Amino acid sequence: MSADDDAKWLEWVTKQFENIAGEDKEINLEEFKTALKVKESFFAERFFTLFDSDGSGSISLDELLKALNLLTHGSETDKLRFLFQVYDVDGSGSIDPDELRIVLKSCLRESAISLPEEKLDDLTMALFESADKDNSGAITFEELKEELENFPEVMENLTISAANWLKPPATEKSTRQTPRYLTPAYWHNNSRKLLFMCCYILVSIFLFTFAAVKHVSAGGWVMLAKGCGQCLNFNCTFIGVLMLRRCLTWLRATWVVRVLPLDQHVLLHQLVGFAIFGLSVVHAIAHLINFVSLTLSDGTYQLWEYLFTTRPGIGWIYGTASITGVILLLLIILMLICSSTFVRRSGHFEVFYWTHLSYIWVWGLLIVHGSNFWKWFVVSGFLFLMEKIVGITVSRIGGTQVVEVNLLPSKVTHLVIKRSPFFHYKPGDYVYFNIPAIAKYEWHPFTISSAPEQQDTIWLHVRSLGQWTNQLYEYFRQPELLGNEPKRLTRNLRNKKHQRSAQEHLGNLIASNDSVLANKEDMVELTSYKPRQRCQNEPSEVNVKLDCTEVPQPREVSTKLSDNHRYCNIKCYIDGPYGTPTRTIFTSEHAVLIGAGIGITPFASILQSIMYRYRMRKQNCPNCSYSWCENVKDNEMSLRKVDFIWINRDQKSFEWFVSLLTKLEMDQADEEPQGRFLEMHMYMTSALSKNDMKALGLQMALDLLAKKENRDSITGLRTRTQPGRPDWAKVFQKIAEERKGKVHVFFCGSPVLAKTIKAQCEHFGFKFYKENFQ
């Protein structure tokens, strides 16, 4: 750091110290805990003890500066010495297993990770045995230093993340020469949308000009009103076209998808909605000013008569143009306010839903208001009406039942729904779902999380975020629903049948798509591995180096029903399916699927379908259990590589789809000549990264135990769960270096994260698709 940076840092730390210490100019333990914002008091107490160099029971400004200077500007050895002192609880100069266990237990709490006591013992011994090089029964400073040399990236940034309040705010330096919206990468990634928007603007300008010129003789304000009115005719028709979901789903299967931005129809619908609001306000103001002019010049009618009566005879149906115009403006303002993100995302979806139905009144009033609107509306209105009739007919005739419910952590409801033989969909599609017992007239969109190859049932995973979804979760928690389950003896007979046939069909459970995933109660535990030699009959042209590779062998299948998992028979209706951007995934070469939280649901369906097609390519040796996959393209799938990234806030969220992910790993038990077809990457944002002193030991232990057991301690998967958030620049850099073909990134999750990922995609030249349906 330069002298100026040092001076700024000193000034900032002094200011923060004064805010925390108060008048006594000293920081006691409680003030230190509050300022540090750590979850586990163990680390606060250890850091406080080490900061309090004179043992006075409080930290002075000089002591704080000395300690922070060591952590921020000190050498690697200085930082390691501090870390060693944190772990050396009794100050004996060495770390014994019990001390290490205390530290790791605190690390678990700090990272919001819950593990059994036995697993904590395993983690402790894995790290201790690796660090105790001389088997002396204690870890010395030199041994800890040698162990940490295996993690060189950690030593570069070893800090206390919770002490960020003592870091001066970073001064942002603008390095971008060209605005993002003018870069070639942005135009390439948004070419269809930008071309469409240019055409839309040109059409609007033409319509405005044509209508305004026709009324030159009436004056400027009338020209403005008529120009806006003609644009409103077009926009109020076009906004309905953008929500013809069945037509758009059909168009996705044609060449039109390569020309029009069908994937962004919801965004365009919103933009047209804002345009309607703006045009309506200008249209109303222009007419109002014109009425004021007529009132002053003519005097035949007062202003209020022009606005609220039919006496002036303005309009083609009984002079109702002014009255209908006022009502239309109020309805449009109401719809705009109630469709805002704040209303839809704050648990008031029903307000948005019911007020948005005002579009029926808007279209009806527009027909009465303007003499030309019906000419614009007749074709699109007919298509819209047909879509609604077909949707209602299909959904009502095709009524089905929720046959199984599983209440998952974080208030996620997993619904298993009986599938009609006439219900066909693509991976990633969504449906509108209705349960009359909860709300007779409410339909809500949810992504189908099961694969199309699953014939008998479809899955929905519903996160409780709003009023209806919370009602759904609470509805299936009610004990009285047990009366709707199959009869007790019938249920017991079904359970016995599951148990009796489990071992008989175990091989099919591994190879078939209708495996353990079709019923959540079938849990395959991968606890034993049997080594086998390479097959002698393997084709010579497949260069597979798998001598003595371990293949997982399922040991036990168990059936379990609990209070959160039950059979039922609840009437429901489904409207759909409707297509999404993810339909293009099978035409990609290298697909990157990114799900944040419950955003995994479309990818659950896609991953199952991908692996089903992958298994169709798989070859099995007739003389042994060895299998391999032929890396060939087909007409249905051009994929050469799939990277799946799942980001969760907490540990429990991984339980939503852990059985599915386990099975996907089983499908790839054997290595392949050109690397794994599917790679999974798990991130837990509540867990502290390896660079933090409060998590370093835990992450090292998790790494060591994962290598030893070939399984992650957090999820039970082979894939190691990474702490913190992904470094997207590094993630995409690695993907680009693999050179598996054109990279298409598919995302489902929060809009804030979507912007970050989209910016990185533009930087690397990747195609970006965001799951977005309403």
# chains A, B, ... in the order shown; residues from 1 in each chain; ligands from 1
$ closest_atom_pairs --of "stretch 570-601 of chain A" --to "stretch 746-766 of chain A" --cutoff "6 Å" --atoms "only C-alpha atoms" --output "CSV"
residue,atom,partner,partner_atom,distance
A:Leu593,CA,A:Phe746,CA,5.0
A:Ile594,CA,A:Phe747,CA,4.8
A:Gly595,CA,A:Cys748,CA,5.1
A:Ala596,CA,A:Gly749,CA,4.8
A:Gly599,CA,A:Cys748,CA,4.8
$ write_last_selection --atoms "N, CA, C and O atoms" --output "tab-separated table (two decimals), in the first residue's frame"
chain	number	residue	atom	x	y	z
A	593	LEU	N	-26.04	-24.92	-16.99
A	593	LEU	CA	-27.31	-24.72	-16.31
A	593	LEU	C	-27.04	-24.15	-14.93
A	593	LEU	O	-26.33	-24.78	-14.12
A	594	ILE	N	-27.58	-22.99	-14.63
A	594	ILE	CA	-27.34	-22.32	-13.35
A	594	ILE	C	-28.67	-22.12	-12.65
A	594	ILE	O	-29.54	-21.40	-13.15
A	595	GLY	N	-28.83	-22.76	-11.51
A	595	GLY	CA	-30.04	-22.60	-10.71
A	595	GLY	C	-29.72	-22.02	-9.35
A	595	GLY	O	-28.77	-22.45	-8.69
A	596	ALA	N	-30.48	-21.01	-8.94
A	596	ALA	CA	-30.30	-20.40	-7.62
A	596	ALA	C	-31.51	-20.75	-6.77
A	596	ALA	O	-32.63	-20.37	-7.08
A	599	GLY	N	-34.76	-22.25	-8.10
A	599	GLY	CA	-34.56	-22.11	-9.54
A	599	GLY	C	-34.01	-23.36	-10.19
A	599	GLY	O	-33.86	-23.41	-11.41
$ select_by_dssp --residues "stretch 314-478 of chain A" --states "alpha helix (DSSP H)" --output "CSV table (one decimal) with N, CA and C atoms, in the first residue's frame"
chain,number,residue,atom,x,y,z
A,321,ALA,N,-67.1,8.6,-25.6
A,321,ALA,CA,-65.7,8.6,-25.7
A,321,ALA,C,-65.0,9.2,-24.4
A,322,SER,N,-65.5,10.3,-24.0
A,322,SER,CA,-64.9,10.9,-22.8
A,322,SER,C,-65.1,10.1,-21.5
A,323,ILE,N,-66.3,9.6,-21.3
A,323,ILE,CA,-66.5,8.8,-20.1
A,323,ILE,C,-65.7,7.6,-20.1
A,324,THR,N,-65.7,6.9,-21.2
A,324,THR,CA,-65.0,5.6,-21.3
A,324,THR,C,-63.5,5.9,-21.2
A,325,GLY,N,-63.0,7.1,-21.7
A,325,GLY,CA,-61.6,7.4,-21.7
A,325,GLY,C,-61.2,7.6,-20.2
A,326,VAL,N,-62.0,8.3,-19.4
A,326,VAL,CA,-61.6,8.5,-18.0
A,326,VAL,C,-61.5,7.1,-17.3
A,327,ILE,N,-62.5,6.3,-17.5
A,327,ILE,CA,-62.5,4.9,-16.9
A,327,ILE,C,-61.3,4.1,-17.3
A,328,LEU,N,-61.0,4.2,-18.6
A,328,LEU,CA,-59.8,3.5,-19.2
A,328,LEU,C,-58.5,3.9,-18.5
A,329,LEU,N,-58.4,5.2,-18.4
A,329,LEU,CA,-57.2,5.7,-17.8
A,329,LEU,C,-57.0,5.3,-16.3
A,330,LEU,N,-58.1,5.3,-15.6
A,330,LEU,CA,-58.1,4.8,-14.2
A,330,LEU,C,-57.7,3.3,-14.1
A,331,LEU,N,-58.3,2.5,-15.0
A,331,LEU,CA,-58.0,1.1,-15.0
A,331,LEU,C,-56.6,0.8,-15.4
A,332,ILE,N,-56.1,1.5,-16.4
A,332,ILE,CA,-54.7,1.3,-16.8
A,332,ILE,C,-53.7,1.7,-15.6
A,333,ILE,N,-54.0,2.8,-14.9
A,333,ILE,CA,-53.2,3.2,-13.8
A,333,ILE,C,-53.2,2.1,-12.7
A,334,LEU,N,-54.4,1.6,-12.4
A,334,LEU,CA,-54.6,0.5,-11.4
A,334,LEU,C,-53.8,-0.7,-11.8
A,335,MET,N,-53.9,-1.1,-13.0
A,335,MET,CA,-53.2,-2.3,-13.5
A,335,MET,C,-51.7,-2.2,-13.4
A,336,LEU,N,-51.2,-1.0,-13.8
A,336,LEU,CA,-49.8,-0.7,-13.7
A,336,LEU,C,-49.2,-0.8,-12.3
A,337,ILE,N,-49.9,-0.1,-11.4
A,337,ILE,CA,-49.5,-0.1,-10.0
A,337,ILE,C,-49.5,-1.6,-9.4
A,338,CYS,N,-50.6,-2.3,-9.6
A,338,CYS,CA,-50.7,-3.6,-9.0
A,338,CYS,C,-49.9,-4.7,-9.7
A,341,THR,N,-43.3,-4.9,-9.4
A,341,THR,CA,-42.5,-6.0,-8.8
A,341,THR,C,-42.8,-6.0,-7.3
A,342,PHE,N,-43.0,-4.9,-6.7
A,342,PHE,CA,-43.2,-4.8,-5.2
A,342,PHE,C,-44.4,-5.6,-4.9
A,343,VAL,N,-45.5,-5.5,-5.6
A,343,VAL,CA,-46.7,-6.1,-5.3
A,343,VAL,C,-46.6,-7.6,-5.6
A,344,ARG,N,-46.1,-8.0,-6.7
A,344,ARG,CA,-46.0,-9.4,-7.1
A,344,ARG,C,-45.1,-10.2,-6.2
A,345,ARG,N,-44.0,-9.6,-5.8
A,345,ARG,CA,-42.9,-10.4,-5.0
A,345,ARG,C,-43.0,-10.2,-3.5
A,349,PHE,N,-49.5,-11.7,-4.6
A,349,PHE,CA,-49.7,-12.0,-6.0
A,349,PHE,C,-51.2,-12.0,-6.4
A,350,GLU,N,-52.1,-12.3,-5.4
A,350,GLU,CA,-53.5,-12.3,-5.7
A,350,GLU,C,-54.0,-10.9,-6.2
A,351,VAL,N,-53.4,-9.8,-5.6
A,351,VAL,CA,-53.7,-8.5,-6.0
A,351,VAL,C,-53.4,-8.2,-7.4
A,352,PHE,N,-52.2,-8.7,-7.8
A,352,PHE,CA,-51.8,-8.6,-9.2
A,352,PHE,C,-52.7,-9.4,-10.1
A,353,TYR,N,-53.0,-10.6,-9.7
A,353,TYR,CA,-53.8,-11.5,-10.5
A,353,TYR,C,-55.2,-11.0,-10.8
A,354,TRP,N,-55.9,-10.5,-9.8
A,354,TRP,CA,-57.3,-10.1,-9.9
A,354,TRP,C,-57.4,-8.8,-10.6
A,355,THR,N,-56.5,-7.8,-10.3
A,355,THR,CA,-56.5,-6.5,-11.0
A,355,THR,C,-56.1,-6.7,-12.5
A,356,HIS,N,-55.3,-7.6,-12.8
A,356,HIS,CA,-54.8,-7.8,-14.1
A,356,HIS,C,-56.0,-8.4,-15.0
A,359,TYR,N,-58.1,-6.5,-17.9
A,359,TYR,CA,-57.9,-6.3,-19.3
A,359,TYR,C,-59.1,-6.6,-20.1
A,360,ILE,N,-60.0,-7.5,-19.5
A,360,ILE,CA,-61.3,-7.8,-20.2
A,360,ILE,C,-62.1,-6.5,-20.4
A,361,TRP,N,-62.2,-5.7,-19.2
A,361,TRP,CA,-62.9,-4.4,-19.3
A,361,TRP,C,-62.2,-3.4,-20.2
A,362,VAL,N,-60.9,-3.4,-20.1
A,362,VAL,CA,-60.1,-2.5,-21.0
A,362,VAL,C,-60.4,-2.7,-22.4
A,363,TRP,N,-60.3,-3.9,-22.9
A,363,TRP,CA,-60.6,-4.2,-24.3
A,363,TRP,C,-62.1,-3.9,-24.7
A,364,GLY,N,-63.0,-4.2,-23.8
A,364,GLY,CA,-64.4,-3.9,-24.0
A,364,GLY,C,-64.7,-2.4,-24.1
A,365,LEU,N,-64.1,-1.6,-23.2
A,365,LEU,CA,-64.2,-0.2,-23.2
A,365,LEU,C,-63.5,0.4,-24.4
A,366,LEU,N,-62.4,-0.1,-24.9
A,366,LEU,CA,-61.7,0.4,-26.0
A,366,LEU,C,-62.5,0.3,-27.3
A,367,ILE,N,-63.3,-0.8,-27.4
A,367,ILE,CA,-64.1,-1.0,-28.6
A,367,ILE,C,-65.2,0.1,-28.6
A,368,VAL,N,-65.7,0.4,-27.4
A,368,VAL,CA,-66.7,1.5,-27.3
A,368,VAL,C,-66.1,2.9,-27.5
A,369,HIS,N,-64.9,3.0,-27.0
A,369,HIS,CA,-64.2,4.3,-26.9
A,369,HIS,C,-63.8,4.8,-28.3
A,373,PHE,N,-60.7,0.7,-33.1
A,373,PHE,CA,-60.0,-0.3,-32.3
A,373,PHE,C,-60.4,-1.7,-32.7
A,374,TRP,N,-61.7,-1.9,-33.0
A,374,TRP,CA,-62.2,-3.3,-33.2
A,374,TRP,C,-61.5,-3.8,-34.5
A,375,LYS,N,-61.2,-3.0,-35.4
A,375,LYS,CA,-60.5,-3.5,-36.7
A,375,LYS,C,-59.1,-4.0,-36.3
A,376,TRP,N,-58.4,-3.4,-35.4
A,376,TRP,CA,-57.1,-3.9,-35.0
A,376,TRP,C,-57.3,-5.1,-34.1
A,377,PHE,N,-58.3,-5.2,-33.4
A,377,PHE,CA,-58.4,-6.2,-32.3
A,377,PHE,C,-59.1,-7.5,-32.8
A,378,VAL,N,-59.8,-7.5,-33.9
A,378,VAL,CA,-60.6,-8.7,-34.3
A,378,VAL,C,-59.8,-10.0,-34.4
A,379,VAL,N,-58.6,-9.9,-35.1
A,379,VAL,CA,-57.8,-11.2,-35.3
A,379,VAL,C,-57.2,-11.6,-34.0
A,380,SER,N,-56.4,-10.7,-33.3
A,380,SER,CA,-55.8,-11.1,-32.1
A,380,SER,C,-56.8,-11.5,-31.0
A,381,GLY,N,-57.9,-10.7,-31.0
A,381,GLY,CA,-58.9,-11.0,-30.0
A,381,GLY,C,-59.5,-12.4,-30.2
A,382,PHE,N,-59.7,-12.8,-31.5
A,382,PHE,CA,-60.2,-14.1,-31.8
A,382,PHE,C,-59.2,-15.2,-31.3
A,383,LEU,N,-57.9,-15.0,-31.6
A,383,LEU,CA,-56.9,-16.0,-31.2
A,383,LEU,C,-56.8,-16.0,-29.7
A,384,PHE,N,-56.9,-14.9,-29.0
A,384,PHE,CA,-56.9,-14.9,-27.5
A,384,PHE,C,-58.1,-15.6,-27.0
A,385,LEU,N,-59.2,-15.4,-27.5
A,385,LEU,CA,-60.4,-16.1,-27.1
A,385,LEU,C,-60.3,-17.6,-27.3
A,386,MET,N,-59.8,-18.0,-28.4
A,386,MET,CA,-59.6,-19.4,-28.7
A,386,MET,C,-58.6,-20.1,-27.7
A,387,GLU,N,-57.6,-19.4,-27.4
A,387,GLU,CA,-56.6,-19.9,-26.5
A,387,GLU,C,-57.2,-20.1,-25.1
A,388,LYS,N,-58.0,-19.1,-24.7
A,388,LYS,CA,-58.7,-19.3,-23.4
A,388,LYS,C,-59.7,-20.4,-23.4
A,389,ILE,N,-60.5,-20.5,-24.5
A,389,ILE,CA,-61.5,-21.6,-24.5
A,389,ILE,C,-60.8,-23.0,-24.5
A,390,VAL,N,-59.7,-23.1,-25.3
A,390,VAL,CA,-59.0,-24.4,-25.4
A,390,VAL,C,-58.3,-24.7,-24.1
A,391,GLY,N,-57.8,-23.6,-23.4
A,391,GLY,CA,-57.1,-23.9,-22.1
A,391,GLY,C,-58.1,-24.3,-21.1
A,392,ILE,N,-59.3,-23.6,-21.0
A,392,ILE,CA,-60.3,-24.0,-20.0
A,392,ILE,C,-60.8,-25.4,-20.3
A,393,THR,N,-61.1,-25.7,-21.6
A,393,THR,CA,-61.6,-27.0,-21.9
A,393,THR,C,-60.7,-28.1,-21.6
A,394,VAL,N,-59.4,-28.0,-22.0
A,394,VAL,CA,-58.4,-29.0,-21.8
A,394,VAL,C,-58.2,-29.2,-20.3
A,395,SER,N,-58.1,-28.1,-19.6
A,395,SER,CA,-57.8,-28.2,-18.1
A,395,SER,C,-58.9,-28.9,-17.4
A,396,ARG,N,-60.2,-28.5,-17.7
A,396,ARG,CA,-61.3,-29.0,-17.0
A,396,ARG,C,-61.6,-30.5,-17.4
A,397,ILE,N,-61.5,-30.8,-18.7
A,397,ILE,CA,-61.8,-32.1,-19.1
A,397,ILE,C,-60.6,-33.0,-18.6
A,467,GLN,N,-49.1,-15.8,-0.7
A,467,GLN,CA,-50.3,-16.2,0.1
A,467,GLN,C,-50.8,-17.6,-0.4
A,468,TRP,N,-50.9,-17.8,-1.7
A,468,TRP,CA,-51.4,-19.0,-2.2
A,468,TRP,C,-50.4,-20.2,-2.0
A,469,THR,N,-49.2,-20.0,-2.2
A,469,THR,CA,-48.2,-21.0,-2.0
A,469,THR,C,-48.1,-21.4,-0.5
A,470,ASN,N,-48.2,-20.4,0.4
A,470,ASN,CA,-48.2,-20.7,1.8
A,470,ASN,C,-49.5,-21.5,2.2
A,471,GLN,N,-50.6,-21.2,1.6
A,471,GLN,CA,-51.8,-21.9,1.8
A,471,GLN,C,-51.7,-23.4,1.3
A,472,LEU,N,-51.0,-23.6,0.2
A,472,LEU,CA,-50.8,-24.9,-0.3
A,472,LEU,C,-50.0,-25.7,0.7
A,473,TYR,N,-48.9,-25.2,1.2
A,473,TYR,CA,-48.0,-25.9,2.2
A,473,TYR,C,-48.8,-26.2,3.4
A,474,GLU,N,-49.6,-25.3,4.0
A,474,GLU,CA,-50.3,-25.5,5.2
A,474,GLU,C,-51.5,-26.5,4.9
A,475,TYR,N,-52.0,-26.5,3.8
A,475,TYR,CA,-53.1,-27.4,3.4
A,475,TYR,C,-52.7,-28.8,3.6
$ closest_residue --among "A:Asp563, A:Asp692, A:Asp575, A:Asp298" --to "A:Val405" --atoms "only C-alpha atoms"
A:Asp563
$ residues_around --residues "A:Phe206" --least-positions-apart "4" --cutoff "12 Å" --atoms "only C-alpha atoms" --output "JSON list (two decimals) with C-alpha atoms, in the first residue's frame"
[["chain", "number", "residue", "atom", "x", "y", "z"],
["A", 199, "CYS", "CA", -38.97, -2.39, -35.76],
["A", 200, "TYR", "CA", -41.46, -1.69, -32.97],
["A", 201, "ILE", "CA", -40.29, 1.92, -32.62],
["A", 202, "LEU", "CA", -40.38, 2.50, -36.39],
["A", 210, "PHE", "CA", -49.93, 8.97, -40.27],
["A", 211, "ALA", "CA", -52.74, 9.67, -37.75],
["A", 212, "ALA", "CA", -51.42, 13.14, -36.83],
["A", 213, "VAL", "CA", -51.13, 14.28, -40.45],
["A", 227, "GLY", "CA", -51.36, 10.18, -32.99],
["A", 228, "CYS", "CA", -51.23, 8.69, -29.49],
["A", 230, "GLN", "CA", -53.53, 5.31, -33.16],
["A", 231, "CYS", "CA", -50.45, 4.02, -31.31],
["A", 234, "PHE", "CA", -51.70, -0.96, -32.03]]
$ residues_around --residues "stretch 98-101 of chain A" --least-positions-apart "6" --cutoff "8 Å" --atoms "only C-alpha atoms" --output "mmCIF file with N, CA and C atoms, in the first residue's frame"
data_model
loop_
_atom_site.group_PDB
_atom_site.id
_atom_site.type_symbol
_atom_site.label_atom_id
_atom_site.label_comp_id
_atom_site.auth_asym_id
_atom_site.auth_seq_id
_atom_site.Cartn_x
_atom_site.Cartn_y
_atom_site.Cartn_z
ATOM 1 N N TYR A 87 -6.223 -21.675 17.187
ATOM 2 C CA TYR A 87 -6.520 -23.101 17.328
ATOM 3 C C TYR A 87 -5.924 -23.691 18.606
ATOM 4 N N ASP A 88 -4.835 -23.104 19.098
ATOM 5 C CA ASP A 88 -4.188 -23.583 20.327
ATOM 6 C C ASP A 88 -4.931 -22.995 21.531
ATOM 7 N N VAL A 89 -6.043 -23.623 21.866
ATOM 8 C CA VAL A 89 -6.952 -23.072 22.864
ATOM 9 C C VAL A 89 -6.292 -22.948 24.232
ATOM 10 N N LEU A 120 -18.508 -35.132 12.759
ATOM 11 C CA LEU A 120 -17.557 -34.158 13.296
ATOM 12 C C LEU A 120 -16.292 -34.864 13.754
ATOM 13 N N ASP A 121 -16.439 -36.028 14.392
ATOM 14 C CA ASP A 121 -15.263 -36.807 14.791
ATOM 15 C C ASP A 121 -14.443 -37.222 13.573
ATOM 16 N N THR A 124 -12.542 -34.246 12.278
ATOM 17 C CA THR A 124 -11.425 -33.922 13.171
ATOM 18 C C THR A 124 -10.247 -34.848 12.928
ATOM 19 N N PHE A 128 -6.582 -33.990 11.525
ATOM 20 C CA PHE A 128 -5.506 -34.190 12.497
ATOM 21 C C PHE A 128 -4.472 -35.184 11.964
#
$ closest_residue --among "A:Ser114, A:Met682, A:Pro452, A:Leu717" --to "A:Glu665" --atoms "only C-alpha atoms"
A:Leu717
$ closest_residue --among "A:Thr320, A:Glu63, A:Phe238, A:Asn290" --to "A:Glu26" --atoms "only C-alpha atoms"
A:Glu63
$ residues_around --residues "A:Gly137" --least-positions-apart "2" --cutoff "12 Å" --atoms "only C-alpha atoms" --output "count of residues only"
19
$ residues_around --residues "A:Phe196" --least-positions-apart "4" --cutoff "9 Å" --atoms "only C-alpha atoms" --output "list in words"
Ser191, Arg192, Tyr200, Ile201, Val259, Leu260 and Pro261 of chain A
